[in-house]
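> Just protein-v1.tsv, nothing more (TSV, N, CA and C atoms):
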```
chain	number	residue	atom	x	y	z
A	517	MET	N	37.49	-87.85	54.66
A	517	MET	CA	37.00	-86.77	53.83
A	517	MET	C	37.83	-85.54	54.09
A	518	ALA	N	38.28	-84.88	53.02
A	518	ALA	CA	39.11	-83.68	53.15
A	518	ALA	C	38.27	-82.52	53.65
A	519	ARG	N	38.89	-81.75	54.49
A	519	ARG	CA	38.22	-80.57	55.02
A	519	ARG	C	38.43	-79.38	54.12
A	520	LYS	N	37.37	-78.65	53.84
A	520	LYS	CA	37.46	-77.47	53.00
A	520	LYS	C	38.01	-76.31	53.84
A	521	ASN	N	38.88	-75.52	53.22
A	521	ASN	CA	39.44	-74.36	53.92
A	521	ASN	C	38.36	-73.30	54.06
A	522	ARG	N	37.95	-73.03	55.27
A	522	ARG	CA	36.86	-72.07	55.48
A	522	ARG	C	37.31	-70.63	55.28
A	523	TYR	N	38.64	-70.39	55.20
A	523	TYR	CA	39.14	-69.05	55.00
A	523	TYR	C	39.46	-68.75	53.54
A	524	ALA	N	39.14	-69.65	52.63
A	524	ALA	CA	39.46	-69.44	51.22
A	524	ALA	C	38.76	-68.18	50.72
A	525	GLY	N	39.52	-67.30	50.09
A	525	GLY	CA	38.94	-66.09	49.53
A	525	GLY	C	38.82	-64.95	50.52
A	526	ILE	N	39.24	-65.15	51.76
A	526	ILE	CA	39.13	-64.10	52.77
A	526	ILE	C	40.52	-63.58	53.08
A	527	LEU	N	40.67	-62.26	53.05
A	527	LEU	CA	41.95	-61.66	53.39
A	527	LEU	C	42.10	-61.73	54.91
A	528	LYS	N	42.97	-62.61	55.37
A	528	LYS	CA	43.14	-62.83	56.80
A	528	LYS	C	44.63	-62.82	57.10
A	529	PRO	N	45.11	-61.87	57.90
A	529	PRO	CA	46.54	-61.86	58.22
A	529	PRO	C	46.93	-63.11	59.01
A	530	ASN	N	47.97	-63.78	58.57
A	530	ASN	CA	48.50	-64.93	59.29
A	530	ASN	C	49.70	-64.48	60.10
A	531	MET	N	49.65	-64.62	61.42
A	531	MET	CA	50.75	-64.27	62.27
A	531	MET	C	51.62	-65.49	62.45
A	532	VAL	N	52.77	-65.50	61.84
A	532	VAL	CA	53.67	-66.64	61.91
A	532	VAL	C	54.97	-66.19	62.56
A	533	GLY	N	55.32	-66.77	63.68
A	533	GLY	CA	56.59	-66.45	64.33
A	533	GLY	C	56.60	-65.09	64.99
A	534	ILE	N	57.73	-64.79	65.60
A	534	ILE	CA	57.93	-63.51	66.26
A	534	ILE	C	58.96	-62.75	65.47
A	535	GLY	N	58.64	-61.54	65.09
A	535	GLY	CA	59.54	-60.77	64.24
A	535	GLY	C	60.40	-59.79	65.00
A	536	LYS	N	61.38	-59.23	64.28
A	536	LYS	CA	62.22	-58.17	64.85
A	536	LYS	C	61.41	-56.89	64.93
A	537	ALA	N	62.06	-55.84	65.44
A	537	ALA	CA	61.38	-54.55	65.57
A	537	ALA	C	60.93	-54.02	64.22
A	538	GLU	N	61.81	-54.04	63.23
A	538	GLU	CA	61.46	-53.57	61.89
A	538	GLU	C	61.93	-54.58	60.87
A	539	HIS	N	61.09	-54.79	59.87
A	539	HIS	CA	61.42	-55.67	58.75
A	539	HIS	C	61.16	-54.92	57.46
A	540	HIS	N	61.89	-55.30	56.46
A	540	HIS	CA	61.51	-54.85	55.12
A	540	HIS	C	60.25	-55.61	54.76
A	541	LEU	N	59.33	-54.93	54.13
A	541	LEU	CA	58.04	-55.53	53.83
A	541	LEU	C	57.76	-55.38	52.34
A	542	LEU	N	57.41	-56.47	51.71
A	542	LEU	CA	57.00	-56.47	50.31
A	542	LEU	C	55.49	-56.65	50.28
A	543	VAL	N	54.80	-55.71	49.66
A	543	VAL	CA	53.34	-55.77	49.53
A	543	VAL	C	53.01	-55.76	48.05
A	544	PHE	N	52.24	-56.74	47.63
A	544	PHE	CA	51.72	-56.69	46.26
A	544	PHE	C	50.28	-57.18	46.27
A	545	TYR	N	49.52	-56.71	45.30
A	545	TYR	CA	48.09	-56.96	45.33
A	545	TYR	C	47.52	-57.08	43.93
A	546	ASP	N	46.34	-57.68	43.87
A	546	ASP	CA	45.55	-57.79	42.66
A	546	ASP	C	44.12	-57.51	43.07
A	547	VAL	N	43.64	-56.31	42.77
A	547	VAL	CA	42.30	-55.88	43.17
A	547	VAL	C	41.56	-55.44	41.92
A	548	GLU	N	40.35	-55.95	41.73
A	548	GLU	CA	39.59	-55.66	40.51
A	548	GLU	C	39.00	-54.25	40.49
A	549	ASN	N	38.43	-53.81	41.60
A	549	ASN	CA	37.75	-52.52	41.66
A	549	ASN	C	38.76	-51.37	41.63
A	550	ASP	N	38.60	-50.45	40.68
A	550	ASP	CA	39.55	-49.34	40.52
A	550	ASP	C	39.63	-48.46	41.76
A	551	ARG	N	38.48	-48.13	42.35
A	551	ARG	CA	38.45	-47.26	43.52
A	551	ARG	C	39.20	-47.91	44.68
A	552	VAL	N	38.92	-49.18	44.92
A	552	VAL	CA	39.58	-49.89	46.02
A	552	VAL	C	41.07	-50.03	45.74
A	553	ARG	N	41.43	-50.32	44.49
A	553	ARG	CA	42.85	-50.45	44.12
A	553	ARG	C	43.60	-49.14	44.38
A	554	ASN	N	42.99	-48.01	44.04
A	554	ASN	CA	43.62	-46.71	44.31
A	554	ASN	C	43.77	-46.45	45.80
A	555	LYS	N	42.74	-46.82	46.58
A	555	LYS	CA	42.83	-46.63	48.03
A	555	LYS	C	43.93	-47.50	48.63
A	556	VAL	N	44.09	-48.73	48.13
A	556	VAL	CA	45.14	-49.62	48.62
A	556	VAL	C	46.50	-49.01	48.34
A	557	SER	N	46.70	-48.48	47.13
A	557	SER	CA	48.01	-47.89	46.81
A	557	SER	C	48.25	-46.63	47.65
A	558	GLU	N	47.21	-45.82	47.89
A	558	GLU	CA	47.37	-44.64	48.73
A	558	GLU	C	47.73	-45.01	50.17
A	559	MET	N	47.14	-46.10	50.67
A	559	MET	CA	47.46	-46.55	52.03
A	559	MET	C	48.92	-46.98	52.11
A	560	CYS	N	49.38	-47.74	51.12
A	560	CYS	CA	50.77	-48.20	51.12
A	560	CYS	C	51.72	-47.01	51.08
A	561	LEU	N	51.42	-46.03	50.25
A	561	LEU	CA	52.25	-44.83	50.18
A	561	LEU	C	52.19	-44.06	51.50
A	562	GLY	N	51.01	-44.04	52.12
A	562	GLY	CA	50.84	-43.35	53.40
A	562	GLY	C	51.64	-43.97	54.52
A	563	TYR	N	51.93	-45.25	54.42
A	563	TYR	CA	52.74	-45.94	55.42
A	563	TYR	C	54.23	-45.85	55.11
A	564	GLY	N	54.59	-45.09	54.09
A	564	GLY	CA	56.00	-44.87	53.77
A	564	GLY	C	56.61	-45.94	52.90
A	565	LEU	N	55.80	-46.78	52.28
A	565	LEU	CA	56.33	-47.80	51.38
A	565	LEU	C	56.60	-47.18	50.02
A	566	ASP	N	57.61	-47.67	49.34
A	566	ASP	CA	57.98	-47.17	48.02
A	566	ASP	C	57.38	-48.06	46.95
A	567	ARG	N	56.82	-47.43	45.92
A	567	ARG	CA	56.26	-48.20	44.81
A	567	ARG	C	57.40	-48.75	43.97
A	568	ILE	N	57.41	-50.08	43.77
A	568	ILE	CA	58.44	-50.70	42.94
A	568	ILE	C	57.85	-51.24	41.64
A	569	GLN	N	56.55	-51.42	41.59
A	569	GLN	CA	55.81	-51.81	40.40
A	569	GLN	C	54.45	-51.14	40.51
A	570	PHE	N	53.61	-51.29	39.51
A	570	PHE	CA	52.28	-50.67	39.57
A	570	PHE	C	51.49	-51.16	40.78
A	571	SER	N	51.60	-52.42	41.12
A	571	SER	CA	50.84	-52.95	42.25
A	571	SER	C	51.74	-53.64	43.27
A	572	ALA	N	52.95	-53.11	43.45
A	572	ALA	CA	53.88	-53.69	44.43
A	572	ALA	C	54.63	-52.57	45.15
A	573	PHE	N	54.79	-52.75	46.46
A	573	PHE	CA	55.45	-51.75	47.30
A	573	PHE	C	56.48	-52.43	48.18
A	574	LEU	N	57.52	-51.69	48.53
A	574	LEU	CA	58.58	-52.20	49.40
A	574	LEU	C	58.96	-51.10	50.38
A	575	GLY	N	59.11	-51.48	51.64
A	575	GLY	CA	59.49	-50.50	52.66
A	575	GLY	C	59.80	-51.21	53.96
A	576	LYS	N	60.02	-50.42	54.99
A	576	LYS	CA	60.39	-50.95	56.30
A	576	LYS	C	59.33	-50.54	57.31
A	577	LEU	N	58.71	-51.54	57.95
A	577	LEU	CA	57.69	-51.28	58.97
A	577	LEU	C	57.93	-52.19	60.17
A	578	ASN	N	57.55	-51.70	61.35
A	578	ASN	CA	57.63	-52.58	62.52
A	578	ASN	C	56.38	-53.46	62.56
A	579	ARG	N	56.37	-54.39	63.49
A	579	ARG	CA	55.28	-55.39	63.55
A	579	ARG	C	53.91	-54.73	63.74
A	580	ASN	N	53.82	-53.75	64.64
A	580	ASN	CA	52.54	-53.09	64.89
A	580	ASN	C	52.02	-52.39	63.64
A	581	ARG	N	52.92	-51.69	62.94
A	581	ARG	CA	52.50	-50.98	61.71
A	581	ARG	C	52.10	-51.98	60.62
A	582	ARG	N	52.78	-53.13	60.55
A	582	ARG	CA	52.39	-54.17	59.57
A	582	ARG	C	50.99	-54.69	59.87
A	583	GLN	N	50.73	-54.96	61.15
A	583	GLN	CA	49.41	-55.45	61.54
A	583	GLN	C	48.34	-54.40	61.28
A	584	GLU	N	48.65	-53.15	61.61
A	584	GLU	CA	47.71	-52.06	61.37
A	584	GLU	C	47.40	-51.91	59.88
A	585	LEU	N	48.44	-51.97	59.06
A	585	LEU	CA	48.24	-51.87	57.61
A	585	LEU	C	47.42	-53.04	57.10
A	586	ALA	N	47.69	-54.25	57.59
A	586	ALA	CA	46.94	-55.44	57.17
A	586	ALA	C	45.46	-55.29	57.50
A	587	MET	N	45.15	-54.80	58.71
A	587	MET	CA	43.75	-54.63	59.10
A	587	MET	C	43.07	-53.54	58.28
A	588	ARG	N	43.77	-52.45	58.02
A	588	ARG	CA	43.18	-51.38	57.21
A	588	ARG	C	42.94	-51.83	55.78
A	589	LEU	N	43.88	-52.60	55.23
A	589	LEU	CA	43.71	-53.12	53.88
A	589	LEU	C	42.54	-54.10	53.82
A	590	ARG	N	42.43	-54.96	54.83
A	590	ARG	CA	41.31	-55.92	54.88
A	590	ARG	C	39.98	-55.17	54.93
A	591	ASN	N	39.91	-54.12	55.75
A	591	ASN	CA	38.68	-53.34	55.84
A	591	ASN	C	38.37	-52.62	54.54
A	592	GLU	N	39.39	-52.14	53.86
A	592	GLU	CA	39.19	-51.43	52.60
A	592	GLU	C	38.67	-52.37	51.51
A	593	ILE	N	39.20	-53.59	51.47
A	593	ILE	CA	38.75	-54.56	50.46
A	593	ILE	C	37.29	-54.93	50.70
A	594	GLY	N	36.91	-55.13	51.96
A	594	GLY	CA	35.53	-55.46	52.28
A	594	GLY	C	35.06	-56.70	51.54
A	595	ASP	N	33.96	-56.55	50.80
A	595	ASP	CA	33.38	-57.67	50.06
A	595	ASP	C	33.89	-57.74	48.62
A	596	GLU	N	34.74	-56.81	48.24
A	596	GLU	CA	35.26	-56.79	46.86
A	596	GLU	C	36.19	-57.97	46.61
A	597	SER	N	36.35	-58.30	45.35
A	597	SER	CA	37.24	-59.38	44.96
A	597	SER	C	38.68	-58.86	44.89
A	598	GLY	N	39.60	-59.55	45.53
A	598	GLY	CA	40.99	-59.11	45.49
A	598	GLY	C	41.88	-59.99	46.34
A	599	ARG	N	43.17	-59.82	46.16
A	599	ARG	CA	44.16	-60.57	46.93
A	599	ARG	C	45.34	-59.64	47.22
A	600	ILE	N	45.77	-59.64	48.48
A	600	ILE	CA	46.91	-58.83	48.90
A	600	ILE	C	47.89	-59.73	49.62
A	601	HIS	N	49.17	-59.63	49.23
A	601	HIS	CA	50.23	-60.37	49.90
A	601	HIS	C	51.13	-59.38	50.62
A	602	MET	N	51.43	-59.67	51.87
A	602	MET	CA	52.37	-58.88	52.66
A	602	MET	C	53.47	-59.82	53.12
A	603	ILE	N	54.68	-59.64	52.59
A	603	ILE	CA	55.77	-60.58	52.86
A	603	ILE	C	56.91	-59.86	53.56
A	604	PRO	N	57.16	-60.18	54.84
A	604	PRO	CA	58.32	-59.59	55.51
A	604	PRO	C	59.61	-60.23	54.98
A	605	LEU	N	60.62	-59.41	54.79
A	605	LEU	CA	61.92	-59.88	54.30
A	605	LEU	C	62.96	-59.64	55.39
A	606	CYS	N	63.82	-60.61	55.62
A	606	CYS	CA	64.90	-60.41	56.57
A	606	CYS	C	65.98	-59.53	55.92
A	607	ASP	N	66.85	-58.99	56.74
A	607	ASP	CA	67.88	-58.08	56.23
A	607	ASP	C	68.80	-58.76	55.22
A	608	ASP	N	69.13	-60.04	55.47
A	608	ASP	CA	70.00	-60.76	54.53
A	608	ASP	C	69.35	-60.89	53.16
A	609	ASP	N	68.06	-61.24	53.14
A	609	ASP	CA	67.37	-61.36	51.86
A	609	ASP	C	67.27	-60.02	51.15
A	610	HIS	N	67.03	-58.96	51.91
A	610	HIS	CA	66.94	-57.63	51.30
A	610	HIS	C	68.29	-57.21	50.72
A	611	ARG	N	69.38	-57.51	51.43
A	611	ARG	CA	70.71	-57.18	50.92
A	611	ARG	C	71.04	-57.97	49.66
A	612	ASP	N	70.55	-59.22	49.59
A	612	ASP	CA	70.82	-60.07	48.43
A	612	ASP	C	69.88	-59.81	47.26
A	613	MET	N	68.96	-58.88	47.42
A	613	MET	CA	67.98	-58.60	46.36
A	613	MET	C	68.68	-58.01	45.14
A	614	TRP	N	68.29	-58.46	43.98
A	614	TRP	CA	68.80	-57.93	42.72
A	614	TRP	C	67.72	-57.07	42.10
A	615	VAL	N	68.11	-55.92	41.60
A	615	VAL	CA	67.18	-55.04	40.89
A	615	VAL	C	67.72	-54.83	39.50
A	616	LEU	N	66.97	-55.25	38.52
A	616	LEU	CA	67.37	-55.11	37.13
A	616	LEU	C	66.44	-54.10	36.47
A	617	ASP	N	66.89	-52.87	36.34
A	617	ASP	CA	66.10	-51.82	35.72
A	617	ASP	C	66.69	-51.47	34.37
A	618	GLN	N	65.85	-51.39	33.40
A	618	GLN	CA	66.29	-50.92	32.09
A	618	GLN	C	65.16	-50.12	31.49
A	619	TYR	N	65.21	-48.84	31.70
A	619	TYR	CA	64.21	-47.93	31.16
A	619	TYR	C	64.93	-46.93	30.28
A	620	ARG	N	64.45	-46.80	29.09
A	620	ARG	CA	65.03	-45.80	28.20
A	620	ARG	C	64.54	-44.41	28.57
A	621	VAL	N	63.32	-44.35	29.11
A	621	VAL	CA	62.74	-43.08	29.54
A	621	VAL	C	62.19	-43.28	30.94
A	622	ASP	N	62.50	-42.37	31.83
A	622	ASP	CA	61.99	-42.40	33.19
A	622	ASP	C	60.46	-42.25	33.17
A	623	ALA	N	59.77	-42.90	34.08
A	623	ALA	CA	58.30	-42.87	34.11
A	623	ALA	C	57.78	-41.44	34.28
A	624	GLU	N	58.40	-40.66	35.15
A	624	GLU	CA	57.95	-39.28	35.35
A	624	GLU	C	58.15	-38.44	34.08
A	625	GLU	N	59.26	-38.65	33.40
A	625	GLU	CA	59.52	-37.93	32.15
A	625	GLU	C	58.50	-38.32	31.09
A	626	LEU	N	58.17	-39.59	31.01
A	626	LEU	CA	57.19	-40.05	30.04
A	626	LEU	C	55.82	-39.45	30.32
A	627	LYS	N	55.46	-39.38	31.60
A	627	LYS	CA	54.18	-38.79	31.98
A	627	LYS	C	54.15	-37.31	31.62
A	628	ALA	N	55.25	-36.60	31.87
A	628	ALA	CA	55.32	-35.17	31.52
A	628	ALA	C	55.22	-34.98	30.01
A	629	ARG	N	55.84	-35.86	29.25
A	629	ARG	CA	55.76	-35.75	27.78
A	629	ARG	C	54.32	-35.89	27.29
A	630	THR	N	53.59	-36.84	27.83
A	630	THR	CA	52.22	-37.05	27.38
A	630	THR	C	51.32	-35.90	27.78
A	631	GLU	N	51.58	-35.27	28.93
A	631	GLU	CA	50.78	-34.13	29.35
A	631	GLU	C	51.07	-32.90	28.49
A	632	ARG	N	52.30	-32.76	28.03
A	632	ARG	CA	52.68	-31.61	27.19
A	632	ARG	C	52.21	-31.74	25.75
A	633	SER	N	52.13	-32.98	25.28
A	633	SER	CA	51.84	-33.16	23.86
A	633	SER	C	50.41	-32.75	23.53
A	634	GLU	N	50.28	-32.18	22.36
A	634	GLU	CA	48.97	-31.78	21.89
A	634	GLU	C	48.34	-32.97	21.19
A	635	SER	N	47.05	-32.84	20.90
A	635	SER	CA	46.41	-33.93	20.18
A	635	SER	C	46.99	-33.99	18.77
A	636	PRO	N	47.06	-35.15	18.19
A	636	PRO	CA	47.67	-35.26	16.86
A	636	PRO	C	46.88	-34.49	15.82
A	637	ARG	N	47.61	-33.86	14.93
A	637	ARG	CA	46.96	-33.09	13.86
A	637	ARG	C	46.90	-33.95	12.62
A	638	LEU	N	45.77	-33.89	11.97
A	638	LEU	CA	45.59	-34.65	10.74
A	638	LEU	C	45.80	-33.73	9.55
A	639	ARG	N	46.44	-34.22	8.56
A	639	ARG	CA	46.68	-33.46	7.35
A	639	ARG	C	46.13	-34.26	6.17
A	640	VAL	N	45.29	-33.63	5.39
A	640	VAL	CA	44.71	-34.30	4.24
A	640	VAL	C	45.71	-34.22	3.10
A	641	LEU	N	46.14	-35.37	2.65
A	641	LEU	CA	47.11	-35.41	1.55
A	641	LEU	C	46.40	-35.35	0.20
A	642	ARG	N	45.31	-36.04	0.10
A	642	ARG	CA	44.59	-36.04	-1.15
A	642	ARG	C	43.13	-36.32	-0.85
A	643	SER	N	42.25	-35.57	-1.42
A	643	SER	CA	40.82	-35.82	-1.22
A	643	SER	C	40.29	-36.61	-2.37
A	644	GLU	N	39.15	-37.25	-2.18
A	644	GLU	CA	38.54	-38.06	-3.23
A	644	GLU	C	38.02	-37.21	-4.39
A	645	GLU	N	37.78	-35.94	-4.11
A	645	GLU	CA	37.22	-35.05	-5.13
A	645	GLU	C	38.27	-34.70	-6.18
A	646	ASP	N	39.54	-34.78	-5.88
A	646	ASP	CA	40.59	-34.38	-6.83
A	646	ASP	C	40.72	-35.32	-7.98
```
So that I can check it, write out the structure of this file as structure tokens.

Amino acid sequence: MARKNRYAGILKPNMVGIGKAEHHLLVFYDVENDRVRNKVSEMCLGYGLDRIQFSAFLGKLNRNRRQELAMRLRNEIGDESGRIHMIPLCDDDHRDMWVLDQYRVDAEELKARTERSESPRLRVLRSEED
């Protein structure tokens, strides 16, 4: 009889192998609760990770900081539904990483444009009474 994984659905850091002092770390997550998702992104930014996608971060952390971040993220998720992946990358893999960016407008510029724009004005071309 197959054994059921008792850790299914639980965010549990897996310690595999012995790492170097600092590794590049890729963190990405899928969290349903908006408040928890915002706290997770704030924590990643607080640890000096750079946002590379809406729910993905990349940065360099030592083993202790990775473990600390994993425990804080696990505590933040609590009983909420979500999944967080923390993947250490070796220097060779990070050097071989390809980044393909093609943005016609920078995200910050787009955000500034939307904040500056006024609400759309409607103009009546013809009324039914005419």
> What does the distance between atom C of Asn591 in chain A and atom C of His539 in chain A come to in Å, to one decimal place?
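Spanning atom C of Asn591 in chain A to atom C of His539 in chain A is a straight-line distance of 23.1 Å.
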> At a cut-off of 9 Å, using only C-alpha atoms, what residues contact range 557-566 of chain A? Leave out same-chain residues fewer than 5 positions from it and give the result as a PDB file with N, CA and C atoms, in the coordinates of the input.

```
ATOM      1  N   LEU A 541      59.330 -54.930  54.130  1.00  0.00           N
ATOM      2  CA  LEU A 541      58.040 -55.530  53.830  1.00  0.00           C
ATOM      3  C   LEU A 541      57.760 -55.380  52.340  1.00  0.00           C
ATOM      4  N   LEU A 542      57.410 -56.470  51.710  1.00  0.00           N
ATOM      5  CA  LEU A 542      57.000 -56.470  50.310  1.00  0.00           C
ATOM      6  C   LEU A 542      55.490 -56.650  50.280  1.00  0.00           C
ATOM      7  N   VAL A 543      54.800 -55.710  49.660  1.00  0.00           N
ATOM      8  CA  VAL A 543      53.340 -55.770  49.530  1.00  0.00           C
ATOM      9  C   VAL A 543      53.010 -55.760  48.050  1.00  0.00           C
ATOM     10  N   VAL A 552      38.920 -49.180  44.920  1.00  0.00           N
ATOM     11  CA  VAL A 552      39.580 -49.890  46.020  1.00  0.00           C
ATOM     12  C   VAL A 552      41.070 -50.030  45.740  1.00  0.00           C
ATOM     13  N   SER A 571      51.600 -52.420  41.120  1.00  0.00           N
ATOM     14  CA  SER A 571      50.840 -52.950  42.250  1.00  0.00           C
ATOM     15  C   SER A 571      51.740 -53.640  43.270  1.00  0.00           C
ATOM     16  N   ALA A 572      52.950 -53.110  43.450  1.00  0.00           N
ATOM     17  CA  ALA A 572      53.880 -53.690  44.430  1.00  0.00           C
ATOM     18  C   ALA A 572      54.630 -52.570  45.150  1.00  0.00           C
ATOM     19  N   PHE A 573      54.790 -52.750  46.460  1.00  0.00           N
ATOM     20  CA  PHE A 573      55.450 -51.750  47.300  1.00  0.00           C
ATOM     21  C   PHE A 573      56.480 -52.430  48.180  1.00  0.00           C
ATOM     22  N   LEU A 574      57.520 -51.690  48.530  1.00  0.00           N
ATOM     23  CA  LEU A 574      58.580 -52.200  49.400  1.00  0.00           C
ATOM     24  C   LEU A 574      58.960 -51.100  50.380  1.00  0.00           C
ATOM     25  N   GLY A 575      59.110 -51.480  51.640  1.00  0.00           N
ATOM     26  CA  GLY A 575      59.490 -50.500  52.660  1.00  0.00           C
ATOM     27  C   GLY A 575      59.800 -51.210  53.960  1.00  0.00           C
ATOM     28  N   LYS A 576      60.020 -50.420  54.990  1.00  0.00           N
ATOM     29  CA  LYS A 576      60.390 -50.950  56.300  1.00  0.00           C
ATOM     30  C   LYS A 576      59.330 -50.540  57.310  1.00  0.00           C
ATOM     31  N   LEU A 577      58.710 -51.540  57.950  1.00  0.00           N
ATOM     32  CA  LEU A 577      57.690 -51.280  58.970  1.00  0.00           C
ATOM     33  C   LEU A 577      57.930 -52.190  60.170  1.00  0.00           C
ATOM     34  N   ARG A 581      52.920 -51.690  62.940  1.00  0.00           N
ATOM     35  CA  ARG A 581      52.500 -50.980  61.710  1.00  0.00           C
ATOM     36  C   ARG A 581      52.100 -51.980  60.620  1.00  0.00           C
ATOM     37  N   LEU A 585      48.440 -51.970  59.060  1.00  0.00           N
ATOM     38  CA  LEU A 585      48.240 -51.870  57.610  1.00  0.00           C
ATOM     39  C   LEU A 585      47.420 -53.040  57.100  1.00  0.00           C
ATOM     40  N   ARG A 588      43.770 -52.450  58.020  1.00  0.00           N
ATOM     41  CA  ARG A 588      43.180 -51.380  57.210  1.00  0.00           C
ATOM     42  C   ARG A 588      42.940 -51.830  55.780  1.00  0.00           C
ATOM     43  N   LEU A 589      43.880 -52.600  55.230  1.00  0.00           N
ATOM     44  CA  LEU A 589      43.710 -53.120  53.880  1.00  0.00           C
ATOM     45  C   LEU A 589      42.540 -54.100  53.820  1.00  0.00           C
TER      46      LEU A 589
END
```
> Given the choices A:Asp607, A:Ile600, A:Asn578, A:Met613, which gets closest to Tyr545 in chain A if the distance is worked out from only N, CA and C atoms?
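With only N, CA and C atoms as the atom set, the closest residue is A:Ile600.
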> Give the answer as one residue: which of A:Arg567, A:Arg582, A:Arg632, A:Glu624 has the shortest atom-to-atom distance to Ile603 in chain A, using only C-alpha atoms?
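Using only C-alpha atoms, the shortest distance to Ile603 in chain A belongs to A:Arg582.
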> Measure the distance from CA of Ala537 in chain A to CA of Asn580 in chain A in Å and round it to one decimal.
9.0 Å
> Padding 4 Å on each side, edges along x, y and z: where is the centre of the box around the listed atoms of range 609-614 of chain A, and how long are its edges in Å to one decimal? Output it as AutoDock Vina command-line options.

```
--center_x 69.0 --center_y -59.2 --center_z 47.6 --size_x 12.1 --size_y 12.3 --size_z 19.0
```
> Give the strand (DSSP E or B) residues of range 597-635 of chain A, as assigned by DSSP on the backbone, as a PyMOL selection string.
chain A and resi 598-605
> Once you have the residues from the selection above, write them out as a PDB file, in the frame of the given file, restricted to N, CA and C atoms.

```pdb
ATOM      1  N   GLY A 598      39.600 -59.550  45.530  1.00  0.00           N
ATOM      2  CA  GLY A 598      40.990 -59.110  45.490  1.00  0.00           C
ATOM      3  C   GLY A 598      41.880 -59.990  46.340  1.00  0.00           C
ATOM      4  N   ARG A 599      43.170 -59.820  46.160  1.00  0.00           N
ATOM      5  CA  ARG A 599      44.160 -60.570  46.930  1.00  0.00           C
ATOM      6  C   ARG A 599      45.340 -59.640  47.220  1.00  0.00           C
ATOM      7  N   ILE A 600      45.770 -59.640  48.480  1.00  0.00           N
ATOM      8  CA  ILE A 600      46.910 -58.830  48.900  1.00  0.00           C
ATOM      9  C   ILE A 600      47.890 -59.730  49.620  1.00  0.00           C
ATOM     10  N   HIS A 601      49.170 -59.630  49.230  1.00  0.00           N
ATOM     11  CA  HIS A 601      50.230 -60.370  49.900  1.00  0.00           C
ATOM     12  C   HIS A 601      51.130 -59.380  50.620  1.00  0.00           C
ATOM     13  N   MET A 602      51.430 -59.670  51.870  1.00  0.00           N
ATOM     14  CA  MET A 602      52.370 -58.880  52.660  1.00  0.00           C
ATOM     15  C   MET A 602      53.470 -59.820  53.120  1.00  0.00           C
ATOM     16  N   ILE A 603      54.680 -59.640  52.590  1.00  0.00           N
ATOM     17  CA  ILE A 603      55.770 -60.580  52.860  1.00  0.00           C
ATOM     18  C   ILE A 603      56.910 -59.860  53.560  1.00  0.00           C
ATOM     19  N   PRO A 604      57.160 -60.180  54.840  1.00  0.00           N
ATOM     20  CA  PRO A 604      58.320 -59.590  55.510  1.00  0.00           C
ATOM     21  C   PRO A 604      59.610 -60.230  54.980  1.00  0.00           C
ATOM     22  N   LEU A 605      60.620 -59.410  54.790  1.00  0.00           N
ATOM     23  CA  LEU A 605      61.920 -59.880  54.300  1.00  0.00           C
ATOM     24  C   LEU A 605      62.960 -59.640  55.390  1.00  0.00           C
TER      25      LEU A 605
END
```
> Compare A:Asp622, A:Asp609, A:Glu592, A:Asp617 by their minimum atom-to-atom distance to Asn554 in chain A, counting only C-alpha atoms, and give me the closest one.
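Smallest separation from Asn554 in chain A among the options: A:Glu592.
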> From a DSSP calculation on the backbone, collect every residue of range 531-587 of chain A in alpha helix (DSSP H) and output the set as a list in words.
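The alpha helix (DSSP H) subset of range 531-587 of chain A is Asp550, Arg551, Val552, Arg553, Asn554, Lys555, Val556, Ser557, Glu558, Met559, Cys560, Leu561, Gly562, Arg579, Asn580, Arg581, Arg582, Gln583, Glu584, Leu585, Ala586 and Met587 of chain A.
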> Mind giving me the straight-line distance from CA of Pro604 in chain A to CA of His540 in chain A in Å, one decimal?
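Computed distance, CA of Pro604 in chain A to CA of His540 in chain A, equals 5.7 Å.
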> Would you mind listing what lies within 8 Å of Glu596 in chain A as a short mmCIF file (atom, residue, chain, number, x, y, z; two decimals) with N, CA and C atoms, in the frame of the given file, with all atoms listed in the file counted and same-chain residues fewer than 3 positions away left out?

```
data_model
loop_
_atom_site.label_atom_id
_atom_site.label_comp_id
_atom_site.auth_asym_id
_atom_site.auth_seq_id
_atom_site.Cartn_x
_atom_site.Cartn_y
_atom_site.Cartn_z
N VAL A 547 43.64 -56.31 42.77
CA VAL A 547 42.30 -55.88 43.17
C VAL A 547 41.56 -55.44 41.92
N GLU A 548 40.35 -55.95 41.73
CA GLU A 548 39.59 -55.66 40.51
C GLU A 548 39.00 -54.25 40.49
N ASN A 549 38.43 -53.81 41.60
CA ASN A 549 37.75 -52.52 41.66
C ASN A 549 38.76 -51.37 41.63
N GLU A 592 39.39 -52.14 53.86
CA GLU A 592 39.19 -51.43 52.60
C GLU A 592 38.67 -52.37 51.51
N ILE A 593 39.20 -53.59 51.47
CA ILE A 593 38.75 -54.56 50.46
C ILE A 593 37.29 -54.93 50.70
N ARG A 599 43.17 -59.82 46.16
CA ARG A 599 44.16 -60.57 46.93
C ARG A 599 45.34 -59.64 47.22
#
```
